Every structure is written in structure tokens, then in C-alpha cells.
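Coordinates as given in my_file-v6.txt (compact mmCIF, C-alpha atoms):
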```txt
# COMPACT_ATOMS: atom_id res chain seq x y z
CA MET A 154 11.94 -51.42 62.04
CA CYS A 155 14.44 -54.24 62.44
CA LEU A 156 16.98 -53.35 59.82
CA ALA A 157 20.07 -51.81 61.30
CA ILE A 158 23.46 -50.81 60.02
CA PRO A 159 26.62 -49.82 61.84
CA GLY A 160 27.42 -46.14 62.30
CA LYS A 161 30.33 -44.25 63.82
CA ILE A 162 29.86 -42.16 66.96
CA GLU A 163 30.94 -38.59 66.11
CA SER A 164 30.15 -36.94 69.44
CA ILE A 165 28.49 -37.67 72.77
CA ARG A 166 26.21 -35.42 74.80
CA GLY A 167 25.18 -35.86 78.44
CA ASP A 168 26.71 -37.68 81.42
CA ASP A 169 23.66 -39.46 82.86
CA PRO A 170 24.06 -43.06 81.65
CA LEU A 171 20.30 -43.34 81.01
CA THR A 172 20.02 -40.28 78.80
CA ARG A 173 23.46 -40.18 77.13
CA MET A 174 23.01 -39.41 73.41
CA GLY A 175 25.41 -39.80 70.51
CA ARG A 176 25.57 -38.27 67.04
CA VAL A 177 26.06 -41.30 64.85
CA ASN A 178 27.30 -41.10 61.26
CA PHE A 179 25.85 -43.66 58.84
CA GLY A 180 27.88 -43.11 55.68
CA GLY A 181 27.27 -39.35 55.74
CA ILE A 182 23.78 -39.36 57.26
CA ILE A 183 23.90 -38.21 60.88
CA LYS A 184 21.30 -39.41 63.37
CA GLU A 185 20.93 -39.01 67.11
CA ALA A 186 20.91 -42.25 69.04
CA SER A 187 20.56 -43.12 72.70
CA LEU A 188 23.72 -44.62 74.18
CA ALA A 189 21.93 -45.82 77.33
CA TYR A 190 22.59 -49.46 76.48
CA VAL A 191 26.24 -49.09 75.44
CA PRO A 192 27.81 -47.41 78.49
CA GLU A 193 31.24 -48.54 77.29
CA ALA A 194 30.97 -46.76 73.90
CA VAL A 195 33.25 -43.79 73.19
CA VAL A 196 33.64 -41.34 70.30
CA GLY A 197 35.02 -43.16 67.26
CA ASP A 198 33.35 -46.47 68.09
CA TYR A 199 31.03 -48.12 65.60
CA VAL A 200 27.65 -49.06 67.03
CA ILE A 201 24.62 -50.90 65.65
CA VAL A 202 21.51 -48.77 66.09
CA HIS A 203 17.92 -49.97 66.30
CA VAL A 204 15.00 -47.52 66.42
CA GLY A 205 17.15 -44.81 67.96
CA PHE A 206 19.11 -46.98 70.39
CA ALA A 207 22.66 -48.23 70.04
CA LEU A 208 22.44 -51.87 71.09
CA SER A 209 25.89 -53.19 70.31
CA ARG A 210 29.43 -51.93 69.85
CA VAL A 211 31.18 -53.44 66.83
CA ASP A 212 34.30 -55.36 67.84
CA GLU A 213 37.02 -54.58 65.29
CA GLU A 214 39.07 -57.69 66.01
CA GLU A 215 36.07 -60.00 65.64
CA ALA A 216 35.03 -58.12 62.49
CA GLN A 217 38.28 -59.08 60.77
CA LYS A 218 38.02 -62.80 61.53
CA VAL A 219 35.97 -63.76 58.48
CA PHE A 220 38.54 -62.17 56.19
CA GLY A 221 41.31 -64.02 57.96
CA TYR A 222 39.36 -67.22 57.49
CA LEU A 223 38.86 -66.57 53.78
CA LYS A 224 42.51 -65.61 53.37
CA GLN A 225 43.52 -68.80 55.06
CA MET A 226 41.25 -70.71 52.68
CA GLU A 227 42.66 -69.35 49.48
CA GLY A 228 45.32 -66.76 50.24
CA LEU A 229 43.75 -63.49 49.20
CA GLU A 230 46.61 -61.26 48.15
CA GLU A 231 44.40 -58.26 47.47
CA LEU A 232 43.46 -58.04 51.14
CA GLU A 233 47.08 -58.22 52.23
CA ASP A 234 47.45 -54.50 52.90
CA GLY A 235 44.55 -53.67 55.16
CA GLY A 236 41.90 -53.76 52.41
CA MET B 175 30.72 -47.83 54.37
CA LYS B 176 32.88 -49.56 56.93
CA TYR B 177 31.50 -52.89 58.22
CA LEU B 178 29.14 -52.97 55.25
CA ASP B 179 30.86 -52.88 51.87
CA GLU B 180 33.51 -55.43 52.72
CA TYR B 181 30.78 -57.90 53.70
CA ARG B 182 29.13 -57.46 50.29
CA ASP B 183 32.22 -58.31 48.23
CA ALA B 184 31.07 -60.55 45.38
CA GLY B 185 34.39 -62.37 45.03
CA LEU B 186 34.59 -63.23 48.73
CA ALA B 187 30.93 -64.30 48.72
CA ARG B 188 31.59 -66.69 45.81
CA GLN B 189 34.61 -68.06 47.62
CA MET B 190 32.45 -68.76 50.69
CA ALA B 191 29.75 -70.28 48.47
CA ASN B 192 32.34 -72.54 46.81
CA GLU B 193 33.33 -73.85 50.21
CA ILE B 194 29.66 -74.62 50.94
CA HIS B 195 29.45 -76.50 47.61
CA ARG B 196 32.56 -78.48 48.49
CA LEU B 197 31.20 -79.57 51.86
CA THR B 198 27.56 -80.32 51.03
CA THR B 199 26.77 -83.95 50.27
CA ARG B 200 23.07 -84.23 51.16
CA ASN B 201 19.79 -82.30 51.22
CA TRP B 202 19.49 -79.89 54.14
CA ASN B 203 16.62 -77.63 55.17
CA ILE B 204 17.95 -74.55 56.92
CA MET B 205 15.71 -71.83 58.33
CA GLU B 206 16.82 -68.23 58.54
CA VAL B 207 14.68 -66.90 61.37
CA CYS B 208 14.84 -63.19 60.71
CA GLY B 209 12.99 -61.31 58.00
CA GLY B 210 15.98 -59.04 57.55
CA GLN B 211 18.01 -62.08 56.54
CA THR B 212 15.23 -63.26 54.20
CA HIS B 213 15.30 -59.84 52.56
CA ALA B 214 19.09 -59.97 52.09
CA ILE B 215 18.97 -63.55 50.78
CA VAL B 216 16.42 -62.72 48.11
CA LYS B 217 17.83 -59.27 47.30
CA PHE B 218 21.40 -60.44 46.81
CA GLY B 219 20.42 -63.80 45.30
CA ILE B 220 22.34 -65.67 48.00
CA ASP B 221 20.16 -68.77 47.62
CA GLU B 222 21.16 -68.96 43.96
CA LEU B 223 24.82 -69.24 44.92
CA LEU B 224 24.10 -72.32 47.02
CA PRO B 225 24.13 -75.97 46.03
CA LYS B 226 20.73 -77.36 45.01
CA HIS B 227 20.89 -79.59 48.10
CA ILE B 228 20.38 -76.61 50.38
CA ASN B 229 16.85 -75.39 50.87
CA LEU B 230 16.51 -72.12 52.75
CA ILE B 231 13.23 -71.89 54.65
CA HIS B 232 12.12 -68.38 55.45
CA GLY B 233 11.16 -68.05 59.09
CA PRO B 234 8.62 -66.08 61.08
CA GLY B 235 11.03 -63.33 62.13
CA CYS B 236 9.13 -60.35 60.84
CA PRO B 237 7.26 -58.50 63.61
CA VAL B 238 5.11 -56.63 61.12
CA CYS B 239 3.97 -59.97 59.73
CA VAL B 240 3.23 -61.75 62.99
CA THR B 241 1.45 -58.95 64.88
CA PRO B 242 -2.02 -60.46 65.37
CA LEU B 243 -5.04 -59.10 63.58
CA ASP B 244 -6.89 -58.19 66.79
CA ILE B 245 -3.98 -55.96 67.88
CA ILE B 246 -4.02 -54.19 64.50
CA ASP B 247 -7.77 -53.69 64.93
CA LYS B 248 -7.20 -52.28 68.42
CA ALA B 249 -4.56 -49.90 67.05
CA ILE B 250 -7.02 -48.72 64.42
CA GLU B 251 -9.78 -48.28 67.00
CA ILE B 252 -7.55 -46.20 69.29
CA ALA B 253 -6.07 -44.15 66.42
CA ALA B 254 -9.56 -43.18 65.21
CA ARG B 255 -10.48 -41.55 68.54
CA PRO B 256 -10.65 -37.74 68.36
CA ASN B 257 -8.31 -36.81 71.22
CA VAL B 258 -5.61 -39.35 70.37
CA ILE B 259 -2.22 -38.88 68.75
CA PHE B 260 -1.30 -42.39 67.62
CA THR B 261 2.42 -42.93 67.01
CA SER B 262 3.97 -45.92 65.27
CA PHE B 263 6.93 -47.21 63.30
CA GLY B 264 6.18 -46.51 59.64
CA ASP B 265 5.97 -50.13 58.55
CA MET B 266 2.87 -50.82 60.68
CA LEU B 267 0.69 -48.29 58.88
CA ARG B 268 -0.16 -50.42 55.86
CA VAL B 269 -0.72 -53.69 57.68
CA PRO B 270 -4.33 -54.69 56.98
CA GLY B 271 -6.62 -55.11 59.96
CA SER B 272 -9.87 -56.98 59.50
CA LYS B 273 -11.41 -53.96 57.70
CA LEU B 274 -9.01 -51.00 57.56
CA ASP B 275 -5.36 -50.13 58.07
CA LEU B 276 -3.79 -47.27 60.06
CA LEU B 277 -3.04 -45.35 56.88
CA SER B 278 -6.75 -45.12 56.04
CA VAL B 279 -7.45 -43.86 59.57
CA LYS B 280 -4.85 -41.16 58.92
CA ALA B 281 -6.40 -40.36 55.53
CA ALA B 282 -9.80 -39.99 57.24
CA GLY B 283 -8.36 -37.33 59.54
CA GLY B 284 -6.98 -39.43 62.40
CA ASP B 285 -3.80 -38.04 64.00
CA VAL B 286 -1.48 -40.91 63.13
CA ARG B 287 2.22 -40.04 63.22
CA ILE B 288 5.24 -42.04 62.15
CA VAL B 289 8.06 -41.91 64.67
CA TYR B 290 11.60 -43.23 64.43
CA SER B 291 11.92 -44.13 68.11
CA PRO B 292 9.59 -44.61 71.10
CA LEU B 293 11.42 -41.66 72.70
CA ASP B 294 9.95 -39.43 69.96
CA ALA B 295 6.50 -40.53 71.11
CA VAL B 296 7.38 -39.69 74.73
CA LYS B 297 8.49 -36.25 73.54
CA ILE B 298 5.19 -35.72 71.68
CA ALA B 299 3.31 -36.66 74.85
CA ALA B 300 5.28 -34.15 76.91
CA GLN B 301 4.55 -31.44 74.34
CA ASN B 302 0.81 -32.22 74.13
CA PRO B 303 -0.43 -32.60 77.72
CA ASP B 304 -4.10 -32.19 76.68
CA ARG B 305 -3.97 -35.05 74.16
CA GLU B 306 -3.72 -38.81 74.72
CA VAL B 307 -0.51 -40.02 73.06
CA VAL B 308 -0.24 -43.71 72.27
CA PHE B 309 2.78 -45.60 70.92
CA PHE B 310 2.39 -48.89 69.05
CA GLY B 311 5.05 -51.05 70.74
CA VAL B 312 5.73 -53.94 68.39
CA GLY B 313 8.75 -55.93 67.38
CA PHE B 314 11.13 -58.59 68.60
CA GLU B 315 13.87 -58.32 71.20
CA THR B 316 15.55 -55.72 68.96
CA THR B 317 12.92 -53.04 69.55
CA ALA B 318 11.87 -54.10 73.07
CA PRO B 319 14.77 -52.25 74.79
CA ALA B 320 13.64 -49.04 73.08
CA THR B 321 10.02 -49.60 74.14
CA ALA B 322 11.17 -50.35 77.68
CA MET B 323 13.13 -47.09 77.84
CA GLY B 324 10.12 -45.16 76.48
CA ILE B 325 7.93 -46.51 79.28
CA PHE B 326 10.65 -46.00 81.89
CA GLN B 327 11.23 -42.38 80.89
CA ALA B 328 7.49 -41.63 80.69
CA ALA B 329 7.12 -43.01 84.22
CA GLN B 330 10.05 -40.92 85.46
CA MET B 331 8.55 -37.81 83.87
CA GLY B 332 5.18 -38.62 85.42
CA LEU B 333 3.38 -38.42 82.07
CA LYS B 334 -0.33 -39.10 82.55
CA ASN B 335 -1.31 -38.80 78.88
CA PHE B 336 1.02 -41.47 77.49
CA SER B 337 0.40 -45.17 76.93
CA MET B 338 1.52 -48.00 74.69
CA LEU B 339 -0.28 -50.70 72.77
CA ILE B 340 2.23 -53.50 73.29
CA SER B 341 2.58 -56.57 71.12
CA HIS B 342 6.21 -57.57 71.54
CA VAL B 343 7.22 -61.08 70.55
CA LEU B 344 10.15 -63.31 71.48
CA VAL B 345 12.14 -65.41 69.03
CA PRO B 346 13.26 -68.53 70.96
CA PRO B 347 9.71 -69.69 71.90
CA ALA B 348 8.71 -69.38 68.24
CA MET B 349 11.70 -71.52 67.19
CA GLU B 350 10.64 -74.15 69.73
CA ALA B 351 7.02 -74.00 68.52
CA LEU B 352 8.22 -74.62 64.96
CA LEU B 353 10.48 -77.49 66.02
CA SER B 354 7.72 -79.24 67.93
CA SER B 355 5.23 -78.96 65.05
CA PRO B 356 4.59 -82.27 63.22
CA ILE B 357 5.03 -80.52 59.85
CA CYS B 358 8.42 -79.12 60.81
CA ARG B 359 11.08 -79.58 58.13
CA VAL B 360 13.74 -77.41 59.74
CA GLN B 361 17.07 -79.17 60.38
CA ALA B 362 19.12 -76.14 61.39
CA PHE B 363 18.71 -72.46 62.20
CA LEU B 364 20.47 -69.26 61.35
CA ALA B 365 19.53 -67.35 64.50
CA ALA B 366 18.81 -63.63 64.20
CA GLY B 367 22.00 -61.72 64.95
CA HIS B 368 20.46 -58.50 66.18
CA VAL B 369 18.03 -60.27 68.51
CA CYS B 370 21.08 -62.00 69.98
CA SER B 371 22.98 -58.72 70.29
CA VAL B 372 20.33 -57.89 72.92
CA MET B 373 19.58 -61.29 74.44
CA GLY B 374 22.85 -63.15 73.90
CA PHE B 375 22.58 -66.80 72.92
CA GLU B 376 22.58 -68.78 76.16
CA GLU B 377 18.91 -69.69 75.73
CA TYR B 378 19.64 -71.55 72.47
CA PHE B 379 21.83 -74.21 74.08
CA PRO B 380 18.91 -76.23 75.52
CA VAL B 381 16.99 -75.86 72.22
CA ALA B 382 19.92 -77.16 70.16
CA ALA B 383 20.41 -80.06 72.56
CA LYS B 384 16.73 -81.02 72.90
CA TYR B 385 15.89 -80.98 69.18
CA ARG B 386 19.34 -81.90 67.89
CA VAL B 387 19.52 -78.83 65.62
CA PRO B 388 22.58 -76.71 64.88
CA ILE B 389 21.93 -73.03 65.66
CA VAL B 390 24.33 -70.43 64.31
CA VAL B 391 23.90 -66.80 65.35
CA THR B 392 24.22 -64.98 62.02
CA GLY B 393 24.55 -61.41 60.74
CA PHE B 394 22.78 -59.71 57.86
CA GLU B 395 25.28 -59.03 55.11
CA PRO B 396 25.83 -61.52 52.27
CA LEU B 397 29.16 -62.70 53.64
CA ASP B 398 27.64 -63.13 57.11
CA ILE B 399 24.74 -65.20 55.81
CA LEU B 400 26.98 -67.37 53.64
CA GLN B 401 29.36 -67.96 56.53
CA GLY B 402 26.39 -68.78 58.78
CA ILE B 403 25.21 -71.34 56.22
CA LEU B 404 28.74 -72.74 55.93
CA MET B 405 28.97 -73.17 59.71
CA VAL B 406 25.56 -74.86 59.79
CA VAL B 407 26.50 -77.20 56.93
CA GLN B 408 29.78 -78.10 58.64
CA GLN B 409 27.73 -79.11 61.70
CA LEU B 410 25.05 -80.97 59.75
CA GLU B 411 27.54 -82.89 57.64
CA SER B 412 29.50 -83.98 60.71
CA GLY B 413 26.43 -84.80 62.81
CA ARG B 414 26.92 -82.02 65.35
CA ALA B 415 24.11 -79.91 66.85
CA GLU B 416 25.76 -76.99 68.60
CA VAL B 417 25.27 -73.28 69.14
CA GLU B 418 27.87 -71.16 67.35
CA ASN B 419 28.27 -67.43 66.81
CA GLN B 420 29.07 -66.19 63.31
CA TYR B 421 28.15 -62.57 64.19
CA SER B 422 30.78 -62.18 66.88
CA ARG B 423 31.58 -58.59 65.91
CA ALA B 424 28.20 -57.53 67.34
CA VAL B 425 27.00 -60.39 69.55
CA ARG B 426 28.42 -61.45 72.92
CA ARG B 427 27.30 -64.66 74.58
CA GLU B 428 25.62 -62.80 77.46
CA GLY B 429 24.03 -60.17 75.20
CA ASN B 430 23.40 -56.59 76.24
CA GLN B 431 23.08 -56.65 80.02
CA PRO B 432 21.82 -53.08 80.62
CA ALA B 433 19.09 -53.61 77.99
CA GLN B 434 18.04 -56.92 79.51
CA ALA B 435 17.92 -55.36 82.99
CA LEU B 436 15.51 -52.63 81.93
CA MET B 437 13.40 -55.10 79.93
CA ARG B 438 13.07 -57.29 83.04
CA GLN B 439 11.98 -54.26 85.05
CA VAL B 440 9.36 -52.96 82.59
CA PHE B 441 8.02 -56.15 80.99
CA LYS B 442 6.71 -59.54 81.96
CA VAL B 443 6.65 -62.60 79.68
CA VAL B 444 3.14 -63.39 78.43
CA HIS B 445 1.36 -65.77 76.03
CA ARG B 446 1.04 -64.20 72.60
CA ARG B 447 -0.90 -64.92 69.44
CA TRP B 448 1.17 -64.79 66.25
CA ARG B 449 -0.58 -63.85 63.05
CA GLY B 450 -0.64 -66.84 60.71
CA ILE B 451 0.66 -69.23 63.39
CA GLY B 452 -1.63 -68.96 66.43
CA GLN B 453 -0.94 -68.79 70.13
CA ILE B 454 2.58 -69.60 71.31
CA PRO B 455 2.97 -69.94 75.09
CA MET B 456 5.24 -67.42 76.81
CA SER B 457 6.26 -65.91 73.48
CA GLY B 458 5.56 -62.25 74.11
CA LEU B 459 6.25 -59.30 76.36
CA GLY B 460 3.57 -57.28 78.11
CA LEU B 461 3.89 -54.51 80.68
CA ALA B 462 4.78 -55.57 84.21
CA GLU B 463 2.27 -54.65 86.95
CA PRO B 464 4.05 -51.48 88.19
CA TYR B 465 3.72 -50.04 84.65
CA ALA B 466 0.12 -51.16 83.99
CA ALA B 467 -0.99 -47.50 83.99
CA PHE B 468 0.79 -47.19 80.62
CA ASP B 469 -1.13 -50.07 79.02
CA ALA B 470 -3.28 -48.63 76.23
CA GLU B 471 -5.54 -51.70 76.13
CA LEU B 472 -6.51 -51.05 79.77
CA ARG B 473 -6.66 -47.28 79.39
CA PHE B 474 -9.02 -47.44 76.40
CA GLY B 475 -11.03 -50.35 77.77
CA LEU B 476 -10.52 -52.56 74.74
CA ALA B 477 -11.99 -55.93 75.57
CA ASP B 478 -10.33 -58.99 74.17
CA HIS B 479 -11.80 -59.60 70.78
CA GLN B 480 -10.57 -62.39 68.56
CA VAL B 481 -10.70 -61.99 64.80
CA GLU B 482 -10.45 -64.68 62.16
CA GLU B 483 -7.82 -64.23 59.47
CA PRO B 484 -8.85 -64.25 55.79
CA ALA B 485 -8.93 -67.85 54.57
CA GLU B 486 -7.29 -67.02 51.26
CA CYS B 487 -4.04 -65.85 52.85
CA GLN B 488 -1.53 -68.65 53.31
CA SER B 489 0.98 -66.59 55.27
CA GLY B 490 0.83 -69.06 58.15
CA LEU B 491 2.25 -71.79 55.93
CA VAL B 492 4.85 -69.38 54.54
CA LEU B 493 5.84 -68.28 58.06
CA GLN B 494 6.31 -71.90 59.09
CA GLY B 495 8.38 -72.64 56.02
CA VAL B 496 5.91 -75.17 54.60
CA LYS B 497 5.26 -73.09 51.47
CA LYS B 498 7.33 -70.66 49.46
CA PRO B 499 5.57 -67.36 48.72
CA HIS B 500 5.20 -68.00 44.96
CA GLU B 501 3.48 -71.33 45.67
CA CYS B 502 0.43 -69.44 46.97
CA PRO B 503 -2.25 -69.08 44.26
CA ALA B 504 -2.97 -65.50 45.31
CA PHE B 505 0.72 -64.43 45.09
CA GLY B 506 1.20 -61.55 42.66
CA GLN B 507 -2.40 -61.91 41.50
CA ARG B 508 -4.94 -61.00 44.18
CA CYS B 509 -2.16 -60.31 46.67
CA THR B 510 0.43 -57.60 45.96
CA PRO B 511 2.25 -55.05 48.15
CA GLU B 512 -0.34 -52.46 47.02
CA HIS B 513 -3.26 -54.73 47.94
CA PRO B 514 -1.93 -57.24 50.45
CA LEU B 515 -4.11 -60.09 51.69
CA GLY B 516 -1.77 -60.73 54.59
CA ALA B 517 1.07 -59.17 56.45
CA THR B 518 3.90 -61.14 54.82
CA MET B 519 3.14 -59.11 51.67
CA VAL B 520 3.11 -55.78 53.54
CA SER B 521 6.44 -55.50 55.24
CA SER B 522 9.61 -55.22 53.18
CA GLU B 523 10.97 -57.87 55.54
CA GLY B 524 8.05 -60.19 54.81
CA ALA B 525 8.92 -63.19 52.67
CA CYS B 526 6.06 -62.58 50.20
CA ALA B 527 7.00 -58.94 49.66
CA ALA B 528 10.67 -59.86 49.18
CA TYR B 529 9.74 -62.47 46.55
CA TYR B 530 7.35 -60.04 44.88
CA ARG B 531 9.99 -57.33 44.71
CA TYR B 532 12.95 -59.41 43.58
CA ARG B 533 11.52 -62.66 42.21
CA ARG B 534 8.52 -62.13 40.00
CA GLN B 535 10.28 -64.16 37.33
CA PRO B 536 11.23 -67.77 38.01
CA ALA B 537 14.27 -67.81 40.26
CA ALA B 538 16.58 -69.26 37.63
CA ALA B 539 16.07 -66.24 35.36
CA THR B 540 16.91 -63.69 38.04
CA ALA B 541 20.46 -62.47 37.77
CA THR B 542 22.29 -62.38 41.05
CA SER B 543 23.12 -58.86 42.13
CA LEU B 544 26.21 -59.93 44.01
```
Using C-alpha cells, write down the structure that the file contains.
Amino acid sequence: MCLAIPGKIESIRGDDPLTRMGRVNFGGIIKEASLAYVPEAVVGDYVIVHVGFALSRVDEEEAQKVFGYLKQMEGLEELEDGG
Amino acid sequence: MKYLDEYRDAGLARQMANEIHRLTTRNWNIMEVCGGQTHAIVKFGIDELLPKHINLIHGPGCPVCVTPLDIIDKAIEIAARPNVIFTSFGDMLRVPGSKLDLLSVKAAGGDVRIVYSPLDAVKIAAQNPDREVVFFGVGFETTAPATAMGIFQAAQMGLKNFSMLISHVLVPPAMEALLSSPICRVQAFLAAGHVCSVMGFEEYFPVAAKYRVPIVVTGFEPLDILQGILMVVQQLESGRAEVENQYSRAVRREGNQPAQALMRQVFKVVHRRWRGIGQIPMSGLGLAEPYAAFDAELRFGLADHQVEEPAECQSGLVLQGVKKPHECPAFGQRCTPEHPLGATMVSSEGACAAYYRYRRQPAAATATSL
């Protein structure tokens, strides 16, 4: 029940913040998830979903930091062009 | 998949591991709290990439494993009643109670249904007004917001035939209980990233300061876990004991405020027994008074009954990091995922099940899948 992976919000249904639902794409598998806890999320965002609830929006800038760190460590040419 | 594949890159993982090798000069015992991290560590062979000096201790962060026996027995008792539809996450069905499990209740004709979300259970209740619908509300802070919303929506809809058997547990009190135990060997923690995505990590600052342990909020992919270990080792080797956030792409310091607000409204913090560990003060969530009508234990009049755990199962020692799963004499012999003696063998996030699945041979012979 705890395992969760990030998925991309394809569409959003409803305006009431408590019942707003999103269709979330997990690598081709689409599932409905409640967006009640991510009021800031919009279509195209990646969210981490637990038991039907998006609990966190993935921050793209933060997501890249580890690769920057590794690149700094060794200079990874293969990641140079947005890999 | 984006945000997944790039964090499983074998070359980058080795590079991170090399940096850990370069920095490590002494023996360190590091606990990963979450069962999801344990699963990833064993599955991807992350521990085998590490220097011999680093001992990863698998923590108690598997809700399936720590749900106490008496709660499982109560679930079974409720599920066996004729007018009940008992709904649960799938991984609770095979957890052994003192005599049966929920799956055998289902096999005997009980209406036990697996649901993906507590909201599915609310929907079933709305569709079946003449049946009692019960949801088994277990898990850490990751599932508690979903349970809270289920209760909140049921209350708003005025559902009279819906209740929950609640056994939610909280991670930070368990970390403190481990640290204050005389047999504690833990020198640093990888804190569970998804728990922190809900709760933030403010509450770890006093723990890190009081016990002088580095705590690094860590994600679940191989690169996350290796970076979490690297950050912990950097702290340990330089004598620091701070709270840091490796999983910053999903975790903010203050956590998820709307989720916390609803949890505060629906729940109250209670003492909770942990299977294999015992009672930990203020380590669980129960329903707050205004929502007591949704408490299945009250509704079905289940008196407190305490049950002893089977003596042969050493899951308590495994959950506290004192023993590795394969050091238990029953491991893989009298205790297997098909016939588990204890809950750490049941859940795929349980340390014993992870070792059974990926490590039946001695660790050295297992090829890393990175």
C-alpha cells in the first residue's frame, strides 16, 4: 500500500477543491486520483500518488539536482544534452 | 518512465557508490526506516555496492508488518459477520491473525473486498445502504490522509452504514523508541521520503539533536537511496548530526499542509501497539471524538483483547534491526511467504519477504540487478 510512483496528470475533473479528480498516467496505465491534497497541481504536472490520492507534486528543478551533482563529480558528457 | 528510469541508471549508481567508498573510513550502522526502501535495497542489490563498513539495518516501516495481532483478529471477526462488507488494501488479506487470515474468511464465504482507495469503500457503502461496510484503515502517514478523507466524505454524505477499523501508525515515535532502546545499534537514519511528503521533516530536528543521529529524508529509487547513504556518511564521517533532505523533488520542509489539516480534524494521536515491538506511546492515530460514530471497534462492540504473538517468530528483532531475516532459524524453512509465521514474511515490503524473494542464496552469490 505504500509503494508509489510518479505519474503525469492528463486531465482534471471538478472544481470543488475537496473532490477534484485527475486522470494520472503511469507509463501508459491511467488511474483516477484525488487531487484534494495538491490544490496547486495542473495538467502536465507529475504527482506522487498513494492509495488514490496525489500527495506531492514533483519539482522538476529539484529532480535535476542529483544529476548536476554527479556531473560535477565526474563530468558526465552523456547527460550533457538533456538526457 | 520519467522520474523513474533515470534514477535507476546503473552507471550513475556505481558512481554514487564509488563516492561512498571513497568517504567511508569506519563501520557505520544506518537504518532505512521504510519497508519500500528495504525492498528496493534488496531488489537492486544496493547493499552489495556499498563498502563492507556500512551495515544497513532494515527498520520497522512496514505497516502490514507492524499492525498488531489483536487488530488483525478484530478485522477477521468483523469480516466474518453475515451483513458486513469488509474492505481492505490487498496486502492485509494474508497477514496471519492468531488463528486465521482475512483470505480464509473470504474463502469461507465472507464478503471481503480488496479496494485501491478508502474512497472506493465509501462508494460501496453508498451503494449498499442495507449492509454494514467497514474499511480497514492501516498504514503510516502516507495512507492516513486517504483514510481521513474517506471518513470526512462519509460524514458529509451522512452514511450510517460505514465505519473503519483504524490502526494507523506514526514513524517519528517509532524512531525515538528504537533510539532509546538499550539494544539500539542505529547511528543514522534514512527517513521515509513519502511519509515526509505528507508530514514534512520539522519533527526530526529535535530527534537528531537529542540522540546525535544524522537523519536524511530519502527517496525510493536506487540513486535516491545511494545519495541518502552518501549524505548520511558525509555527516557521520565529519561528526555532524543534522536533518537533510535528499528527496527534495517530492518533499518540502513543511510537508503537505492540506493533508495535515484534514488529519488533525479527523484523527487524534493515541498510544499504539506495534506487532513485534510492543506498545509505543503516542505512536498511532485513532478517530477524534466528533467522528467516533465511524469507529468499527465501537460499532461492533469489540472489547480490548490482547493476544500473544507466536514465540517462534523473531520479527520483533528483525524490525528493530537486531537480527537479519536469514539469521532466524525458521527463515525459509518453517516460515515462507506461502506459510508465514509473522508479518515481516507476508508483505512484499517486509524485510523477511524481501530476503526470501531476492536472497535465498548467500548474499555474495546474488548478482546485482543494477
Neighbour list for A:Ile183 as a PyMOL selection string, cut-off 10 Å, all atoms listed in the file, skip fewer than 3 positions in-chain: chain A and resi 160-163+175-180+186
A:Met174 surroundings by only C-alpha atoms, 12 Å radius, close-in-sequence under 3 positions cut, as an MDAnalysis selection string: (chainID A and resid 162:171 177 184:192 194:196 202 205:207) or (chainID B and resid 293)
Specify the axis-aligned box that encloses all atoms of stretch 160-168 of chain A listed in the file after padding of 3 Å on each side, stating its centre and edge lengths in Å to one decimal as JSON.
```
{"center_x": 28.1, "center_y": -40.8, "center_z": 71.9, "size_x": 11.8, "size_y": 16.7, "size_z": 25.1}
```
Residue list for chain A near chain B as a PyMOL selection string, 8 Å, only C-alpha atoms: chain A and resi 154-156+158-159+179-180+189-191+201+203-206+208-216+223
Nearest-residue call for B:Arg473, choices B:Ala362, B:Val308, B:Ile220, B:Met331, using only C-alpha atoms: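 Answer, going by the shortest atom-to-atom distance: B:Val308.
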Among the residues B:Ile298, B:Val258, B:Leu333, B:Leu267, the one that comes closest to B:Val520 [using all atoms listed in the file]: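 Of B:Ile298, B:Val258, B:Leu333, B:Leu267, the one nearest B:Val520 is B:Leu267, counting all atoms listed in the file.
Between atom CA of B:His227 and atom CA of B:Gly450 the separation is 28.0 Å.
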Shortest interatomic distance to B:Tyr465 - which of B:Gly332, B:Pro396, B:Gly490, B:Pro514, counting only C-alpha atoms: B:Gly332
Shell around stretch 280-283 of chain B at 10 Å using only C-alpha atoms, local window under 3 positions removed, as a ChimeraX atom specification: /B:250,253-254,256,260,267,275-277,286-287
Protein/DNA/RNA residues near (-11.6, -61.2, 61.8), cut 10 Å, all atoms listed in the file, as a ChimeraX atom specification: /B:243-244,247,271-273,479-484
Who sits within 8 Å of B:Val440, only C-alpha atoms, same chain under 3 positions skipped, as a ChimeraX atom specification: /B:322,325-326,436-437,461-462,464-465
Shell around B:Gly402 at 10 Å using only C-alpha atoms, local window under 5 positions removed, as a CSV table (one decimal) with C-alpha atoms, in the frame of the given file:
```csv
chain,number,residue,atom,x,y,z
B,206,GLU,CA,16.8,-68.2,58.5
B,363,PHE,CA,18.7,-72.5,62.2
B,364,LEU,CA,20.5,-69.3,61.4
B,365,ALA,CA,19.5,-67.4,64.5
B,389,ILE,CA,21.9,-73.0,65.7
B,390,VAL,CA,24.3,-70.4,64.3
B,391,VAL,CA,23.9,-66.8,65.4
B,392,THR,CA,24.2,-65.0,62.0
B,393,GLY,CA,24.6,-61.4,60.7
B,394,PHE,CA,22.8,-59.7,57.9
B,396,PRO,CA,25.8,-61.5,52.3
B,397,LEU,CA,29.2,-62.7,53.6
B,407,VAL,CA,26.5,-77.2,56.9
B,408,GLN,CA,29.8,-78.1,58.6
B,418,GLU,CA,27.9,-71.2,67.4
B,419,ASN,CA,28.3,-67.4,66.8
B,420,GLN,CA,29.1,-66.2,63.3
B,421,TYR,CA,28.2,-62.6,64.2
```
Gap from atom CA of B:Ala249 to atom CA of B:Val207 - Å, one decimal: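 These two atoms are separated by 26.3 Å.
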Distance in Å - atom CA of B:Gly495 versus atom CA of B:Gln507: 21.0 Å
